[in-house]
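Colleague: This one is data_7.cif, mmCIF, C-alpha atoms.
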data_protein
loop_
_atom_site.label_atom_id
_atom_site.label_comp_id
_atom_site.auth_asym_id
_atom_site.auth_seq_id
_atom_site.Cartn_x
_atom_site.Cartn_y
_atom_site.Cartn_z
CA MET A 21 15.95 -8.12 -16.99
CA SER A 22 14.52 -6.01 -19.76
CA SER A 23 15.85 -2.74 -21.09
CA LEU A 24 12.79 -0.94 -19.69
CA PRO A 25 13.19 -1.58 -15.96
CA ILE A 26 10.29 0.69 -14.95
CA PHE A 27 7.95 -2.03 -16.20
CA ASP A 28 9.76 -4.65 -14.12
CA VAL A 29 9.56 -2.55 -10.98
CA ALA A 30 5.91 -1.57 -11.42
CA GLY A 31 5.13 -5.16 -12.45
CA SER A 32 6.70 -6.54 -9.28
CA ALA A 33 4.53 -4.15 -7.28
CA LEU A 34 1.42 -5.33 -9.17
CA ALA A 35 2.28 -8.94 -8.39
CA ALA A 36 2.89 -8.16 -4.72
CA GLN A 37 -0.32 -6.18 -4.33
CA SER A 38 -2.33 -8.91 -6.04
CA VAL A 39 -0.91 -11.49 -3.60
CA ARG A 40 -2.07 -9.15 -0.85
CA LEU A 41 -5.54 -8.90 -2.43
CA ASN A 42 -5.66 -12.70 -2.64
CA THR A 43 -4.85 -13.13 1.04
CA ILE A 44 -7.53 -10.58 1.97
CA ALA A 45 -10.08 -12.41 -0.17
CA SER A 46 -9.07 -15.68 1.48
CA ASN A 47 -9.34 -14.19 4.98
CA LEU A 48 -12.77 -12.69 4.34
CA ALA A 49 -14.04 -15.84 2.63
CA ASN A 50 -12.97 -17.99 5.57
CA ALA A 51 -14.17 -15.65 8.30
CA ASP A 52 -16.71 -18.32 9.32
CA SER A 53 -14.63 -21.45 8.70
CA VAL A 54 -14.88 -22.89 12.18
CA GLY A 55 -13.18 -26.01 13.50
CA SER A 56 -13.61 -28.35 16.43
CA SER A 57 -10.11 -27.56 17.78
CA PRO A 58 -7.92 -24.40 17.73
CA GLU A 59 -5.63 -26.09 15.17
CA THR A 60 -8.32 -26.94 12.62
CA ALA A 61 -9.85 -23.44 12.61
CA TYR A 62 -8.76 -21.15 9.78
CA ARG A 63 -5.79 -18.87 10.55
CA PRO A 64 -5.84 -15.43 8.86
CA ILE A 65 -2.80 -14.91 6.60
CA GLU A 66 -0.82 -11.89 5.47
CA PRO A 67 2.00 -11.46 2.92
CA VAL A 68 5.40 -10.06 3.91
CA PHE A 69 6.84 -7.52 1.46
CA GLN A 70 10.53 -6.88 0.98
CA THR A 71 12.54 -4.61 -1.31
CA ALA A 72 14.25 -6.32 -4.23
CA ARG A 73 17.26 -4.71 -5.92
CA VAL A 74 17.15 -4.50 -9.69
CA PRO A 75 20.50 -5.76 -11.06
CA GLY A 76 22.39 -3.14 -13.03
CA GLN A 77 20.03 -0.35 -12.10
CA PRO A 78 21.28 1.83 -9.24
CA GLY A 79 18.51 3.44 -7.26
CA MET A 80 15.78 1.14 -8.53
CA THR A 81 13.99 -1.17 -6.14
CA GLY A 82 11.19 -3.60 -6.86
CA VAL A 83 9.04 -5.51 -4.38
CA ASP A 84 9.16 -9.16 -3.48
CA VAL A 85 6.68 -11.20 -1.47
CA VAL A 86 9.10 -13.19 0.68
CA ARG A 87 6.43 -15.32 2.34
CA VAL A 88 2.77 -15.49 3.29
CA GLU A 89 2.57 -15.74 7.05
CA PRO A 90 -0.31 -16.86 9.26
CA LEU A 91 -1.15 -14.08 11.71
CA ASP A 92 -0.46 -14.64 15.38
CA LYS A 93 -4.13 -14.59 16.31
CA PRO A 94 -5.45 -17.58 18.24
CA ALA A 95 -8.86 -18.90 17.30
CA ILE A 96 -11.82 -17.68 19.34
CA ARG A 97 -13.55 -20.31 21.49
CA ARG A 98 -17.30 -20.07 21.33
CA PHE A 99 -19.93 -22.12 23.17
CA GLU A 100 -22.33 -23.58 20.58
CA PRO A 101 -23.36 -27.05 21.64
CA GLY A 102 -25.83 -27.43 18.76
CA HIS A 103 -23.16 -26.81 16.13
CA PRO A 104 -22.19 -29.88 14.05
CA MET A 105 -18.49 -29.03 14.52
CA ALA A 106 -18.75 -28.63 18.29
CA ASP A 107 -16.26 -30.63 20.40
CA ALA A 108 -17.15 -32.87 23.33
CA GLU A 109 -17.69 -29.88 25.63
CA GLY A 110 -19.84 -28.02 23.11
CA TYR A 111 -17.25 -25.48 21.95
CA ILE A 112 -16.35 -24.46 18.40
CA TYR A 113 -13.23 -22.53 17.37
CA ALA A 114 -13.71 -19.60 15.00
CA PRO A 115 -10.90 -17.69 13.22
CA ASP A 116 -10.15 -14.22 14.57
CA VAL A 117 -10.71 -12.35 11.29
CA ASP A 118 -11.29 -8.63 11.80
CA PRO A 119 -13.49 -7.62 8.84
CA VAL A 120 -12.85 -3.90 9.36
CA ALA A 121 -9.07 -4.32 9.33
CA GLN A 122 -9.37 -6.54 6.26
CA MET A 123 -11.44 -3.93 4.41
CA VAL A 124 -8.94 -1.19 5.27
CA ASN A 125 -6.18 -3.47 3.98
CA LEU A 126 -8.23 -4.11 0.85
CA ILE A 127 -8.55 -0.39 0.09
CA SER A 128 -4.83 0.15 0.63
CA ALA A 129 -3.93 -2.80 -1.61
CA SER A 130 -6.23 -1.75 -4.45
CA ARG A 131 -4.95 1.84 -4.26
CA GLY A 132 -1.38 0.57 -4.47
CA TYR A 133 -2.32 -1.59 -7.45
CA GLN A 134 -3.98 1.35 -9.23
CA ALA A 135 -0.98 3.62 -8.64
CA ASN A 136 1.34 1.10 -10.29
CA VAL A 137 -0.98 0.55 -13.24
CA GLU A 138 -0.80 4.30 -13.77
CA VAL A 139 3.00 4.19 -13.62
CA ILE A 140 3.02 1.48 -16.30
CA ASN A 141 0.66 3.47 -18.53
CA SER A 142 2.71 6.66 -18.23
CA ALA A 143 5.99 4.81 -18.84
CA ARG A 144 4.54 3.06 -21.89
CA GLU A 145 3.30 6.35 -23.32
CA LEU A 146 6.71 7.97 -22.85
CA ALA A 147 8.55 4.99 -24.33
CA LEU A 148 6.29 5.07 -27.39
CA ALA A 149 6.82 8.81 -27.81
CA THR A 150 10.59 8.31 -27.53
CA LEU A 151 10.51 5.59 -30.18
CA MET A 152 8.76 8.00 -32.55
CA ILE A 153 11.66 10.53 -32.56
CA GLY A 154 12.47 11.60 -36.06
CA ARG A 155 9.39 10.10 -37.68
CA MET B 163 35.62 26.00 -33.96
CA ALA B 164 32.08 25.91 -32.69
CA GLY B 165 29.55 25.17 -35.38
CA PRO B 166 25.96 23.97 -35.38
CA PHE B 167 27.10 20.37 -35.71
CA ASP B 168 29.51 20.36 -32.77
CA ASN B 169 26.66 19.86 -30.39
CA PRO B 170 23.68 19.00 -32.57
CA PHE B 171 21.20 18.04 -29.87
CA GLY B 172 22.03 20.64 -27.23
CA LEU B 173 21.04 20.33 -23.61
CA SER B 174 18.04 18.11 -24.35
CA ALA B 175 20.30 15.17 -25.25
CA LEU B 176 21.93 15.43 -21.82
CA SER B 177 18.72 15.92 -19.91
CA LEU B 178 16.66 13.10 -21.45
CA PRO B 179 18.55 10.17 -19.81
CA LEU B 180 18.59 12.05 -16.51
CA ARG B 181 14.85 12.64 -16.68
CA GLU B 182 14.41 8.93 -17.34
CA GLN B 183 16.55 8.11 -14.33
CA ARG B 184 14.36 10.31 -12.12
CA LEU B 185 11.25 8.51 -13.43
CA LYS B 186 12.84 5.19 -12.48
CA VAL B 187 13.58 6.35 -8.94
CA LEU B 188 10.05 7.70 -8.48
CA ALA B 189 8.54 4.49 -9.91
CA SER B 190 10.55 2.54 -7.31
CA ASN B 191 9.10 4.74 -4.58
CA LEU B 192 5.55 4.07 -5.76
CA ALA B 193 6.22 0.35 -6.10
CA ASN B 194 7.48 0.22 -2.51
CA ALA B 195 4.71 2.33 -0.96
CA ASP B 196 3.75 -0.63 1.27
CA THR B 197 7.14 -2.25 1.87
CA PRO B 198 8.21 -2.10 5.53
CA GLY B 199 11.39 -0.13 6.16
CA PHE B 200 11.66 1.33 2.66
CA GLN B 201 13.07 4.87 2.52
CA ALA B 202 11.70 7.17 -0.19
CA GLN B 203 14.43 8.33 -2.57
CA ASP B 204 14.81 11.13 -5.03
CA PHE B 205 17.11 11.95 -7.91
CA ASP B 206 18.78 15.37 -7.93
CA PHE B 207 18.19 16.30 -11.56
CA GLN B 208 19.64 19.83 -11.30
CA ARG B 209 22.94 18.64 -9.91
CA ALA B 210 23.17 15.72 -12.33
CA LEU B 211 22.53 17.96 -15.33
CA ARG B 212 25.00 20.57 -14.16
CA SER B 213 27.77 18.03 -13.75
CA ALA B 214 26.91 16.35 -17.06
CA GLU B 215 27.10 19.75 -18.71
CA SER B 216 30.43 20.64 -17.15
CA ALA B 217 31.75 17.18 -18.00
CA ARG B 218 30.87 17.80 -21.62
CA ALA B 219 32.27 21.33 -21.65
CA GLY B 220 35.48 20.21 -19.99
CA ALA B 221 36.01 17.14 -22.14
CA PRO B 222 39.03 17.65 -24.35
CA VAL B 223 38.05 17.78 -27.98
CA ALA B 224 40.29 15.40 -29.84
CA THR B 225 41.57 17.10 -32.94
CA PRO B 226 43.29 14.69 -35.27
CA SER B 227 46.54 15.97 -36.63
CA GLY B 228 46.41 17.19 -40.16
CA GLY B 229 43.39 19.45 -39.64
CA GLY B 230 40.75 16.75 -39.91
CA LEU B 231 37.32 16.77 -38.33
CA ALA B 232 37.10 17.20 -34.58
CA ALA B 233 35.46 14.36 -32.76
CA THR B 234 32.27 15.32 -30.95
CA PRO B 235 32.61 14.91 -27.21
CA THR B 236 30.53 11.99 -26.08
CA GLY B 237 27.26 12.58 -24.34
CA PRO B 238 25.86 12.07 -20.88
CA VAL B 239 27.29 10.35 -17.84
CA ALA B 240 27.34 6.56 -17.83
CA GLY B 241 24.85 4.45 -15.89
CA PRO B 242 26.70 3.67 -12.64
CA ASP B 243 27.40 7.38 -12.08
CA PHE B 244 23.70 8.05 -11.45
CA ARG B 245 24.01 6.68 -7.94
CA ARG B 246 25.77 9.85 -6.80
CA TYR B 247 22.64 11.92 -7.35
CA ILE B 248 20.21 9.60 -5.61
CA SER B 249 19.50 10.47 -2.01
CA THR B 250 16.93 9.69 0.64
CA ARG B 251 14.08 12.16 0.53
CA GLU B 252 14.09 14.69 3.36
CA GLY B 253 11.09 15.55 5.50
CA GLY B 254 7.77 13.78 5.43
CA GLN B 255 6.30 11.55 8.05
CA GLY B 256 7.31 7.93 8.30
CA SER B 257 4.79 5.28 9.16
CA LEU B 258 5.05 2.80 12.01
CA ASP B 259 6.72 0.12 9.85
CA GLY B 260 9.60 2.46 8.93
CA ASN B 261 8.31 3.23 5.44
CA THR B 262 8.74 6.90 4.49
CA VAL B 263 6.88 6.90 1.15
CA SER B 264 4.02 9.37 0.96
CA ALA B 265 1.78 8.18 -1.86
CA GLU B 266 0.42 11.67 -2.61
CA THR B 267 3.85 13.28 -2.80
CA GLU B 268 5.14 10.51 -5.03
CA HIS B 269 2.10 10.68 -7.29
CA ALA B 270 2.53 14.42 -7.75
CA ALA B 271 6.27 14.08 -8.31
CA PHE B 272 5.79 11.28 -10.84
CA GLY B 273 3.16 13.23 -12.78
CA ARG B 274 5.45 16.22 -12.88
CA ALA B 275 8.44 14.11 -13.92
CA VAL B 276 6.40 12.62 -16.79
CA LEU B 277 5.59 16.12 -17.98
CA GLU B 278 9.23 17.19 -17.73
CA TYR B 279 10.33 14.15 -19.70
CA ARG B 280 7.79 15.05 -22.38
CA ALA B 281 9.11 18.61 -22.47
CA SER B 282 12.70 17.43 -22.92
CA LEU B 283 11.53 14.98 -25.55
CA THR B 284 9.78 17.76 -27.47
CA PHE B 285 12.93 19.91 -27.45
CA PHE B 286 15.00 16.95 -28.60
CA GLU B 287 12.52 16.13 -31.34
CA SER B 288 12.52 19.67 -32.70
CA ARG B 289 16.34 19.52 -32.82
CA VAL B 290 16.12 16.29 -34.80
CA ARG B 291 13.59 17.81 -37.13
CA GLY B 292 15.79 20.87 -37.64
CA LEU B 293 18.74 18.65 -38.49
CA MET B 294 16.66 16.63 -40.92
CA THR B 295 15.63 19.85 -42.66
CA ALA B 296 19.26 20.94 -42.81
CA ILE B 297 20.38 17.59 -44.21
CA THR B 298 17.65 16.98 -46.74
CA GLY B 299 17.01 20.62 -47.59
CA GLN B 300 13.26 20.24 -47.69
#
Rewrite the structure of this file - the entire thing - as structure tokens.

Modeller:
Amino acid sequence: MSSLPIFDVAGSALAAQSVRLNTIASNLANADSVGSSPETAYRPIEPVFQTARVPGQPGMTGVDVVRVEPLDKPAIRRFEPGHPMADAEGYIYAPDVDPVAQMVNLISASRGYQANVEVINSARELALATLMIGR
Amino acid sequence: MAGPFDNPFGLSALSLPLREQRLKVLASNLANADTPGFQAQDFDFQRALRSAESARAGAPVATPSGGGLAATPTGPVAGPDFRRYISTREGGQGSLDGNTVSAETEHAAFGRAVLEYRASLTFFESRVRGLMTAITGQ
């Protein structure tokens, strides 16, 4: 752990938010990844955030992505007999990706990322100014 | 005897580490704006400074026998003591996942805390500059 823990905390938030952005990108990219059974269709995923104590720093908490979990959303069965992936009865299974919810999540994640970049910039500026004392 | 060198950096030397501590707490709030169950915290700067000040005023000044120089009382409170001044932020509206961080409030508080740190730093710096002038005479 460094002597400037603000950077560690804001950095952990950047890492967590970028994992979240990655999962959103993956969900949107695979919105049309159909399969011929409910198991082979794409399952939307979402990261799970958790607070992470910073050793030796009371009152400071970083963020940890404990796991990336598939959402509990069963694939949607659609009747498309002409589809190359259709099963014997003519059904395909499409992932239940809600593009609106994903976009809302995207905005929230990028806002969170921006806020922490700003924290890093301010902290760096203050640290530099402190190092210049007496010059 | 109270002279200009008994307490060369004044209040700014006490307040600077406390200001930094508040920045750390607010940075943690912003980092955890999307963590389920996280409770927004704040650092009571006023109370911390007051107790640091009284700790310094009340600290016995060790005067070596034989009329030597008096040791300067040591500065601000040590790290682990900061925990006493950190509390969960009152008011505000929690979200469904139990998170009580309001991004706008935290943003405003962080911006203000940065400014306050800069102010303390400026006071501290001018003290240093004054001392340098006194020492070098130019």

Colleague: Counting all atoms listed in the file, I want the residues whose atoms come within 8 Å of (-14.6, -22.4, 10.2) in the file frame, returned as a short mmCIF file (atom, residue, chain, number, x, y, z; two decimals) with C-alpha atoms, in the coordinates of the input.

Modeller:
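Final file, result_23.cif:
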data_model
loop_
_atom_site.label_atom_id
_atom_site.label_comp_id
_atom_site.auth_asym_id
_atom_site.auth_seq_id
_atom_site.Cartn_x
_atom_site.Cartn_y
_atom_site.Cartn_z
CA ASN A 50 -12.97 -17.99 5.57
CA ALA A 51 -14.17 -15.65 8.30
CA ASP A 52 -16.71 -18.32 9.32
CA SER A 53 -14.63 -21.45 8.70
CA VAL A 54 -14.88 -22.89 12.18
CA GLY A 55 -13.18 -26.01 13.50
CA ALA A 61 -9.85 -23.44 12.61
CA TYR A 62 -8.76 -21.15 9.78
CA TYR A 113 -13.23 -22.53 17.37
CA ALA A 114 -13.71 -19.60 15.00
CA PRO A 115 -10.90 -17.69 13.22
#

Colleague: Go through chain B and flag each residue having an atom no more than 7 Å from chain A; for those, report the closest pair of atoms plus their distance in Å to one decimal, using all atoms listed in the file, ordered by chain and rising number, as a tab-separated table.

Modeller:
residue	atom	partner	partner_atom	distance
B:Lys186	CA	A:Ile26	CA	5.7
B:Val187	CA	A:Met80	CA	5.7
B:Ala189	CA	A:Ile26	CA	6.6
B:Ser190	CA	A:Thr81	CA	5.2
B:Leu192	CA	A:Asn136	CA	6.9
B:Ala193	CA	A:Ala33	CA	4.9
B:Asn194	CA	A:Val83	CA	6.2
B:Thr197	CA	A:Phe69	CA	5.3
B:Pro198	CA	A:Phe69	CA	6.9
B:Pro242	CA	A:Pro78	CA	6.7
B:Arg245	CA	A:Pro78	CA	5.7
B:Ile248	CA	A:Gly79	CA	6.6
B:Glu287	CA	A:Ile153	CA	5.8
B:Val290	CA	A:Gly154	CA	6.1
B:Arg291	CA	A:Gly154	CA	6.4

Colleague: Just the number, please: distance in Å from CA of Met123 (chain A) to CA of Val263 (chain B), one decimal.

Modeller: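 If I compute the distance from CA of Met123 (chain A) to CA of Val263 (chain B), I get 21.5 Å.
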
Colleague: Quick one: which residues end up in the PyMOL selection byres ((chain B and resi 264) around 9) for this structure, as a PDB file with C-alpha atoms, keeping the file's coordinate frame?

Modeller:
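Final output, out.pdb:
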ATOM      1  CA  ASN B 191       9.100   4.740  -4.580  1.00  0.00           C
ATOM      2  CA  LEU B 192       5.550   4.070  -5.760  1.00  0.00           C
ATOM      3  CA  ALA B 195       4.710   2.330  -0.960  1.00  0.00           C
ATOM      4  CA  ALA B 202      11.700   7.170  -0.190  1.00  0.00           C
ATOM      5  CA  GLY B 254       7.770  13.780   5.430  1.00  0.00           C
ATOM      6  CA  GLN B 255       6.300  11.550   8.050  1.00  0.00           C
ATOM      7  CA  GLY B 256       7.310   7.930   8.300  1.00  0.00           C
ATOM      8  CA  ASN B 261       8.310   3.230   5.440  1.00  0.00           C
ATOM      9  CA  THR B 262       8.740   6.900   4.490  1.00  0.00           C
ATOM     10  CA  VAL B 263       6.880   6.900   1.150  1.00  0.00           C
ATOM     11  CA  ALA B 265       1.780   8.180  -1.860  1.00  0.00           C
ATOM     12  CA  GLU B 266       0.420  11.670  -2.610  1.00  0.00           C
ATOM     13  CA  THR B 267       3.850  13.280  -2.800  1.00  0.00           C
ATOM     14  CA  GLU B 268       5.140  10.510  -5.030  1.00  0.00           C
ATOM     15  CA  HIS B 269       2.100  10.680  -7.290  1.00  0.00           C
TER      16      HIS B 269
END

Colleague: For the PyMOL selection byres ((chain B and resi 207) around 12), applied here, can you spell out every residue it catches as a PyMOL selection string?

Modeller: chain B and resi 176-185+187+204-206+208-215+244-249+275+278-279

Colleague: For region 48-123 of chain A in the structure I just supplied, write out C-alpha atoms - as a PDB file, in the first residue's frame.

Modeller:
ATOM      1  CA  LEU A  48     -24.933  -5.136 -25.560  1.00  0.00           C
ATOM      2  CA  ALA A  49     -22.612  -6.845 -28.039  1.00  0.00           C
ATOM      3  CA  ASN A  50     -24.253 -10.208 -27.390  1.00  0.00           C
ATOM      4  CA  ALA A  51     -27.840  -8.968 -27.363  1.00  0.00           C
ATOM      5  CA  ASP A  52     -28.465 -11.046 -30.508  1.00  0.00           C
ATOM      6  CA  SER A  53     -26.296 -14.080 -29.719  1.00  0.00           C
ATOM      7  CA  VAL A  54     -29.006 -16.695 -30.003  1.00  0.00           C
ATOM      8  CA  GLY A  55     -28.691 -20.403 -29.312  1.00  0.00           C
ATOM      9  CA  SER A  56     -30.629 -23.540 -30.137  1.00  0.00           C
ATOM     10  CA  SER A  57     -31.239 -24.322 -26.440  1.00  0.00           C
ATOM     11  CA  PRO A  58     -31.734 -22.119 -23.319  1.00  0.00           C
ATOM     12  CA  GLU A  59     -28.265 -23.153 -22.097  1.00  0.00           C
ATOM     13  CA  THR A  60     -26.341 -22.140 -25.220  1.00  0.00           C
ATOM     14  CA  ALA A  61     -27.934 -18.675 -25.454  1.00  0.00           C
ATOM     15  CA  TYR A  62     -25.900 -15.807 -24.017  1.00  0.00           C
ATOM     16  CA  ARG A  63     -26.634 -14.916 -20.371  1.00  0.00           C
ATOM     17  CA  PRO A  64     -26.311 -11.206 -19.456  1.00  0.00           C
ATOM     18  CA  ILE A  65     -23.691 -10.627 -16.744  1.00  0.00           C
ATOM     19  CA  GLU A  66     -23.219  -8.054 -14.014  1.00  0.00           C
ATOM     20  CA  PRO A  67     -20.344  -7.382 -11.571  1.00  0.00           C
ATOM     21  CA  VAL A  68     -20.870  -7.463  -7.794  1.00  0.00           C
ATOM     22  CA  PHE A  69     -19.174  -4.626  -5.901  1.00  0.00           C
ATOM     23  CA  GLN A  70     -18.031  -4.836  -2.312  1.00  0.00           C
ATOM     24  CA  THR A  71     -16.250  -2.449   0.041  1.00  0.00           C
ATOM     25  CA  ALA A  72     -12.580  -3.200   0.669  1.00  0.00           C
ATOM     26  CA  ARG A  73     -10.851  -1.899   3.805  1.00  0.00           C
ATOM     27  CA  VAL A  74      -7.552  -0.140   3.293  1.00  0.00           C
ATOM     28  CA  PRO A  75      -5.035  -1.566   5.801  1.00  0.00           C
ATOM     29  CA  GLY A  76      -3.679   1.024   8.201  1.00  0.00           C
ATOM     30  CA  GLN A  77      -6.090   3.704   7.079  1.00  0.00           C
ATOM     31  CA  PRO A  78      -9.111   4.113   9.356  1.00  0.00           C
ATOM     32  CA  GLY A  79     -12.161   5.432   7.582  1.00  0.00           C
ATOM     33  CA  MET A  80     -10.897   4.666   4.095  1.00  0.00           C
ATOM     34  CA  THR A  81     -12.704   2.143   1.949  1.00  0.00           C
ATOM     35  CA  GLY A  82     -11.924   1.055  -1.580  1.00  0.00           C
ATOM     36  CA  VAL A  83     -14.046  -1.053  -3.921  1.00  0.00           C
ATOM     37  CA  ASP A  84     -13.555  -4.646  -4.939  1.00  0.00           C
ATOM     38  CA  VAL A  85     -15.295  -6.597  -7.684  1.00  0.00           C
ATOM     39  CA  VAL A  86     -15.930  -9.852  -5.846  1.00  0.00           C
ATOM     40  CA  ARG A  87     -17.368 -11.687  -8.840  1.00  0.00           C
ATOM     41  CA  VAL A  88     -19.084 -11.254 -12.182  1.00  0.00           C
ATOM     42  CA  GLU A  89     -22.448 -12.961 -11.975  1.00  0.00           C
ATOM     43  CA  PRO A  90     -24.782 -14.078 -14.746  1.00  0.00           C
ATOM     44  CA  LEU A  91     -28.176 -12.439 -14.264  1.00  0.00           C
ATOM     45  CA  ASP A  92     -31.126 -14.607 -13.345  1.00  0.00           C
ATOM     46  CA  LYS A  93     -32.909 -13.975 -16.624  1.00  0.00           C
ATOM     47  CA  PRO A  94     -33.941 -17.023 -18.626  1.00  0.00           C
ATOM     48  CA  ALA A  95     -33.496 -16.897 -22.376  1.00  0.00           C
ATOM     49  CA  ILE A  96     -36.508 -15.884 -24.444  1.00  0.00           C
ATOM     50  CA  ARG A  97     -37.973 -18.596 -26.679  1.00  0.00           C
ATOM     51  CA  ARG A  98     -38.864 -17.335 -30.109  1.00  0.00           C
ATOM     52  CA  PHE A  99     -40.473 -19.187 -33.023  1.00  0.00           C
ATOM     53  CA  GLU A 100     -38.236 -18.767 -36.085  1.00  0.00           C
ATOM     54  CA  PRO A 101     -38.244 -21.959 -38.096  1.00  0.00           C
ATOM     55  CA  GLY A 102     -36.134 -20.454 -40.894  1.00  0.00           C
ATOM     56  CA  HIS A 103     -33.300 -19.539 -38.535  1.00  0.00           C
ATOM     57  CA  PRO A 104     -30.113 -21.629 -38.957  1.00  0.00           C
ATOM     58  CA  MET A 105     -29.897 -22.053 -35.160  1.00  0.00           C
ATOM     59  CA  ALA A 106     -33.511 -23.189 -34.776  1.00  0.00           C
ATOM     60  CA  ASP A 107     -34.093 -26.444 -32.875  1.00  0.00           C
ATOM     61  CA  ALA A 108     -36.191 -29.371 -34.091  1.00  0.00           C
ATOM     62  CA  GLU A 109     -39.442 -27.554 -33.277  1.00  0.00           C
ATOM     63  CA  GLY A 110     -38.350 -24.337 -34.969  1.00  0.00           C
ATOM     64  CA  TYR A 111     -37.532 -22.330 -31.838  1.00  0.00           C
ATOM     65  CA  ILE A 112     -34.450 -20.220 -31.108  1.00  0.00           C
ATOM     66  CA  TYR A 113     -33.405 -18.943 -27.675  1.00  0.00           C
ATOM     67  CA  ALA A 114     -32.394 -15.282 -27.419  1.00  0.00           C
ATOM     68  CA  PRO A 115     -30.745 -13.629 -24.379  1.00  0.00           C
ATOM     69  CA  ASP A 116     -32.977 -11.344 -22.318  1.00  0.00           C
ATOM     70  CA  VAL A 117     -30.811  -8.228 -22.628  1.00  0.00           C
ATOM     71  CA  ASP A 118     -32.704  -5.031 -21.829  1.00  0.00           C
ATOM     72  CA  PRO A 119     -30.935  -2.354 -23.909  1.00  0.00           C
ATOM     73  CA  VAL A 120     -32.541   0.515 -21.980  1.00  0.00           C
ATOM     74  CA  ALA A 121     -31.414  -0.844 -18.607  1.00  0.00           C
ATOM     75  CA  GLN A 122     -27.946  -1.449 -20.042  1.00  0.00           C
ATOM     76  CA  MET A 123     -27.702   2.134 -21.316  1.00  0.00           C
TER      77      MET A 123
END
